[in-house]
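**Q** Have a look at this one.
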Amino acid sequence: CNSPHRRRRPPPPPPPPPRHPTLERTRKQNVEKQLLRGLKYVHTANVYHRDLKPKNILANADCKLKICDFGLARPAFHDSGPTTVFWTDYVATRWYRAPELCGSFFTKYTPAIDIWSIGCIFAEIISGRPLFPGKNVVHQLEIITDLLGTPTPEQVAKVRNEKARRFLSNMRVKPKIAFAQRFPNAAPASLAILEKLLMFDPDDRPTAEQALADPYFAGLADPAREPVAEIISRSDYAFESKKLSPEEVRSLLYREILEYHPQAKREFEGGET
């Protein structure tokens, strides 16, 4: 129809402006700085989170972060060493699990297990997808070594678990892949800190405080001014060593439920007096 009264379609909206690369890079740095800042606070209390992953990082509209879900977190008491139960390998979602946890390499772990998880999260921020999506523990170690290369004989010798040591010794030799090749669009400075966080040997990884002092965070972080926590005392965790009867467990559970029902709690406490 050629009618002059025909309504014309409105023009399409203009495309959104391209995201400024500097702004994006600064935002990523700020997120990563906050993660390390929070982890430094946790570690100065001698607490290991043991399950750091994107799902356990809360963020608001202003990109302010909080580390959550401390259900697997445990304190480290250096005076008498950790117990077997404390250091169970059932920690951390596999994709973010440090290699020493995948292979039960050691009988005692360090805060470096959390540093590895932070490195995996950093890599996911850079690429937009998980770095080591292993299907099982063996596959997890395979894809870790696909990137980092086969551990050196010196690193293998430090592994106390004989079965894990044999597995690593029999692994085919793999060269290390350059991080710039794996993340071609990432800034060199971000890859430099990422490579430090993802060292195969936990002794080679920096602490959270050392990572904050990396040149990558120059102008964003001052490690000397970051908050620190008081060290957790053994008395705070005395309840973990107490043996409870089934009746005591039920009573404690019931009292916990009452905390969410003030009226019922008042009635219950009134009935006890």
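Residues are referred to by chain and number: the chain letter is A, B, ... according to the order shown in the structure tokens, the number counts from 1 in that chain, and ligands are numbered separately from 1 in the order shown.
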If we count only C-alpha atoms, what is near Ala189 of chain A at a cut-off of 9 Å, once residues fewer than 4 positions away on the same chain are taken out, given as a list in words?

**A**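 Final neighbour list, sorted by chain and number: Ile193, Leu194, Pro215 and Tyr216 of chain A.
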
**Q** Please produce an output containing C-alpha atoms for each residue in the selection, written as an mmCIF file, in the first residue's frame.

**A**
```cif
data_model
loop_
_atom_site.group_PDB
_atom_site.id
_atom_site.type_symbol
_atom_site.label_atom_id
_atom_site.label_comp_id
_atom_site.auth_asym_id
_atom_site.auth_seq_id
_atom_site.Cartn_x
_atom_site.Cartn_y
_atom_site.Cartn_z
ATOM 1 C CA ILE A 193 49.413 -12.645 39.702
ATOM 2 C CA LEU A 194 47.221 -15.497 38.436
ATOM 3 C CA PRO A 215 52.134 -4.727 41.482
ATOM 4 C CA TYR A 216 48.809 -5.726 39.911
#
```

**Q** Using DSSP on the backbone coordinates, identify all residues within segment 143-232 of chain A classified as helix (DSSP H, G or I); present the result as a ChimeraX atom specification.

**A** /A:143-148,153-157,162-169,179-182,188-197,202-204,208-212,215-217,223-225

**Q** Take the residues that were just selected and, keeping N, CA and C atoms, output them as a compact mmCIF listing (two decimals), in the first residue's frame.

**A**
```txt
# COMPACT_ATOMS: atom_id res chain seq x y z
N ILE A 143 43.60 -32.24 34.07
CA ILE A 143 43.44 -30.95 33.41
C ILE A 143 44.24 -29.85 34.11
N ILE A 144 44.52 -30.03 35.40
CA ILE A 144 45.40 -29.09 36.08
C ILE A 144 46.81 -29.17 35.50
N THR A 145 47.29 -30.40 35.33
CA THR A 145 48.63 -30.58 34.79
C THR A 145 48.68 -30.30 33.29
N ASP A 146 47.54 -30.35 32.60
CA ASP A 146 47.52 -29.96 31.19
C ASP A 146 47.94 -28.50 31.04
N LEU A 147 47.57 -27.66 32.01
CA LEU A 147 47.92 -26.24 31.97
C LEU A 147 49.26 -25.97 32.65
N LEU A 148 49.44 -26.53 33.84
CA LEU A 148 50.63 -26.21 34.64
C LEU A 148 51.83 -27.08 34.31
N PRO A 153 60.18 -33.65 39.75
CA PRO A 153 60.50 -34.71 40.72
C PRO A 153 60.61 -34.19 42.15
N GLU A 154 61.11 -32.96 42.29
CA GLU A 154 61.21 -32.38 43.64
C GLU A 154 59.83 -32.15 44.25
N GLN A 155 58.88 -31.72 43.43
CA GLN A 155 57.52 -31.52 43.93
C GLN A 155 56.86 -32.84 44.26
N VAL A 156 57.07 -33.84 43.43
CA VAL A 156 56.49 -35.16 43.68
C VAL A 156 57.08 -35.77 44.95
N ALA A 157 58.36 -35.55 45.19
CA ALA A 157 59.02 -36.12 46.37
C ALA A 157 58.43 -35.57 47.66
N GLU A 162 51.79 -42.27 49.35
CA GLU A 162 52.52 -43.09 48.39
C GLU A 162 51.74 -43.32 47.11
N LYS A 163 50.44 -43.57 47.23
CA LYS A 163 49.60 -43.81 46.05
C LYS A 163 49.56 -42.57 45.16
N ALA A 164 49.41 -41.39 45.76
CA ALA A 164 49.38 -40.15 44.99
C ALA A 164 50.74 -39.88 44.37
N ARG A 165 51.81 -40.19 45.10
CA ARG A 165 53.16 -39.98 44.57
C ARG A 165 53.41 -40.87 43.36
N ARG A 166 52.93 -42.12 43.42
CA ARG A 166 53.09 -43.04 42.29
C ARG A 166 52.29 -42.56 41.09
N PHE A 167 51.09 -42.04 41.35
CA PHE A 167 50.24 -41.55 40.25
C PHE A 167 50.92 -40.39 39.53
N LEU A 168 51.48 -39.45 40.29
CA LEU A 168 52.15 -38.31 39.68
C LEU A 168 53.43 -38.72 38.96
N SER A 169 54.15 -39.70 39.51
CA SER A 169 55.39 -40.14 38.89
C SER A 169 55.13 -40.84 37.56
N PHE A 179 50.38 -18.90 30.12
CA PHE A 179 49.09 -18.33 30.49
C PHE A 179 48.61 -17.34 29.44
N ALA A 180 49.54 -16.66 28.78
CA ALA A 180 49.16 -15.71 27.73
C ALA A 180 48.51 -16.44 26.55
N GLN A 181 48.87 -17.70 26.36
CA GLN A 181 48.25 -18.49 25.30
C GLN A 181 46.86 -18.94 25.72
N ARG A 182 46.70 -19.29 26.99
CA ARG A 182 45.41 -19.75 27.49
C ARG A 182 44.43 -18.59 27.64
N PRO A 188 48.87 -8.57 30.87
CA PRO A 188 50.04 -9.29 31.41
C PRO A 188 50.12 -9.26 32.93
N ALA A 189 49.77 -8.12 33.53
CA ALA A 189 49.86 -8.01 34.99
C ALA A 189 48.88 -8.95 35.68
N SER A 190 47.69 -9.11 35.10
CA SER A 190 46.71 -10.01 35.71
C SER A 190 47.16 -11.46 35.58
N LEU A 191 47.83 -11.80 34.49
CA LEU A 191 48.32 -13.17 34.31
C LEU A 191 49.49 -13.46 35.25
N ALA A 192 50.27 -12.43 35.55
CA ALA A 192 51.42 -12.61 36.45
C ALA A 192 50.95 -12.99 37.85
N ILE A 193 49.93 -12.30 38.37
CA ILE A 193 49.41 -12.64 39.70
C ILE A 193 48.66 -13.96 39.66
N LEU A 194 47.95 -14.24 38.56
CA LEU A 194 47.22 -15.50 38.44
C LEU A 194 48.17 -16.69 38.48
N GLU A 195 49.29 -16.54 37.80
CA GLU A 195 50.26 -17.64 37.76
C GLU A 195 50.83 -17.93 39.15
N LYS A 196 50.98 -16.90 39.96
CA LYS A 196 51.49 -17.09 41.32
C LYS A 196 50.45 -17.82 42.18
N LEU A 197 49.19 -17.47 42.01
CA LEU A 197 48.13 -18.07 42.82
C LEU A 197 47.92 -19.54 42.47
N PRO A 202 52.03 -25.91 46.96
CA PRO A 202 51.43 -24.91 47.86
C PRO A 202 52.47 -24.00 48.51
N ASP A 203 53.70 -24.48 48.67
CA ASP A 203 54.74 -23.64 49.28
C ASP A 203 55.13 -22.47 48.38
N ASP A 204 54.81 -22.58 47.09
CA ASP A 204 55.17 -21.52 46.15
C ASP A 204 54.08 -20.47 45.98
N ALA A 208 47.65 -14.32 51.25
CA ALA A 208 46.72 -13.27 50.81
C ALA A 208 47.36 -11.90 50.95
N GLU A 209 48.12 -11.70 52.03
CA GLU A 209 48.78 -10.41 52.25
C GLU A 209 49.84 -10.16 51.18
N GLN A 210 50.61 -11.18 50.84
CA GLN A 210 51.62 -11.03 49.80
C GLN A 210 50.99 -10.76 48.44
N ALA A 211 49.86 -11.41 48.16
CA ALA A 211 49.18 -11.20 46.89
C ALA A 211 48.66 -9.77 46.78
N LEU A 212 48.19 -9.23 47.88
CA LEU A 212 47.70 -7.84 47.87
C LEU A 212 48.82 -6.85 47.60
N PRO A 215 52.28 -5.94 42.31
CA PRO A 215 52.13 -4.73 41.48
C PRO A 215 50.79 -4.62 40.78
N TYR A 216 50.12 -5.74 40.58
CA TYR A 216 48.81 -5.73 39.91
C TYR A 216 47.81 -4.85 40.67
N PHE A 217 47.97 -4.79 41.99
CA PHE A 217 47.03 -4.02 42.82
C PHE A 217 47.61 -2.66 43.24
N PRO A 223 48.53 -3.25 51.74
CA PRO A 223 48.50 -4.39 52.67
C PRO A 223 48.66 -4.00 54.13
N ALA A 224 49.41 -2.93 54.38
CA ALA A 224 49.64 -2.53 55.77
C ALA A 224 48.38 -1.99 56.43
N ARG A 225 47.39 -1.57 55.61
CA ARG A 225 46.18 -0.96 56.16
C ARG A 225 44.97 -1.90 56.07
```

**Q** Could you name the residues that touch segment 234-242 of chain A at 10 Å or less, counting only C-alpha atoms, but leaving out those on the same chain fewer than 2 positions away, as number ranges by chain?

**A** A: 74-77, 79, 231-232, 244-245

**Q** Which is closer to Phe105 of chain A than all the others in A:His139, A:Lys33, A:Arg160, A:Arg172, using only C-alpha atoms?

**A**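 So, comparing all the options, the nearest one is A:Arg160.
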
**Q** Select, from A:Arg97, A:Arg27, A:Lys135, A:Arg37, the residue with the minimum atom-to-atom distance to Leu198 of chain A, counting only C-alpha atoms.

**A**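 Of the candidates, the smallest distance to Leu198 of chain A is held by A:Arg97.
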
**Q** Compare A:Arg94, A:Lys108, A:Lys28, A:Arg266 by their minimum atom-to-atom distance to Lys64 of chain A, counting only C-alpha atoms, and give me the closest one.

**A**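 With only C-alpha atoms as the atom set, the closest residue is A:Lys28.
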
**Q** Could you check how far atom CA of Asn60 of chain A sits from atom CA of Gln29 of chain A, in Å to one decimal?

**A**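 Distance between the two atoms: 16.3 Å.
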
**Q** So how far away is atom CA of Tyr96 of chain A from atom CA of Cys68 of chain A, in Å?

**A**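 Computing the Euclidean distance for atom CA of Cys68 of chain A and atom CA of Tyr96 of chain A yields 15.5 Å.
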
**Q** Looking only at the backbone, which of the residues in segment 36-186 of chain A does DSSP tag as strand (DSSP E or B), as JSON, numbers by chain?

**A** {"A": [47, 48, 57, 58, 59, 65, 66, 67, 74, 75]}
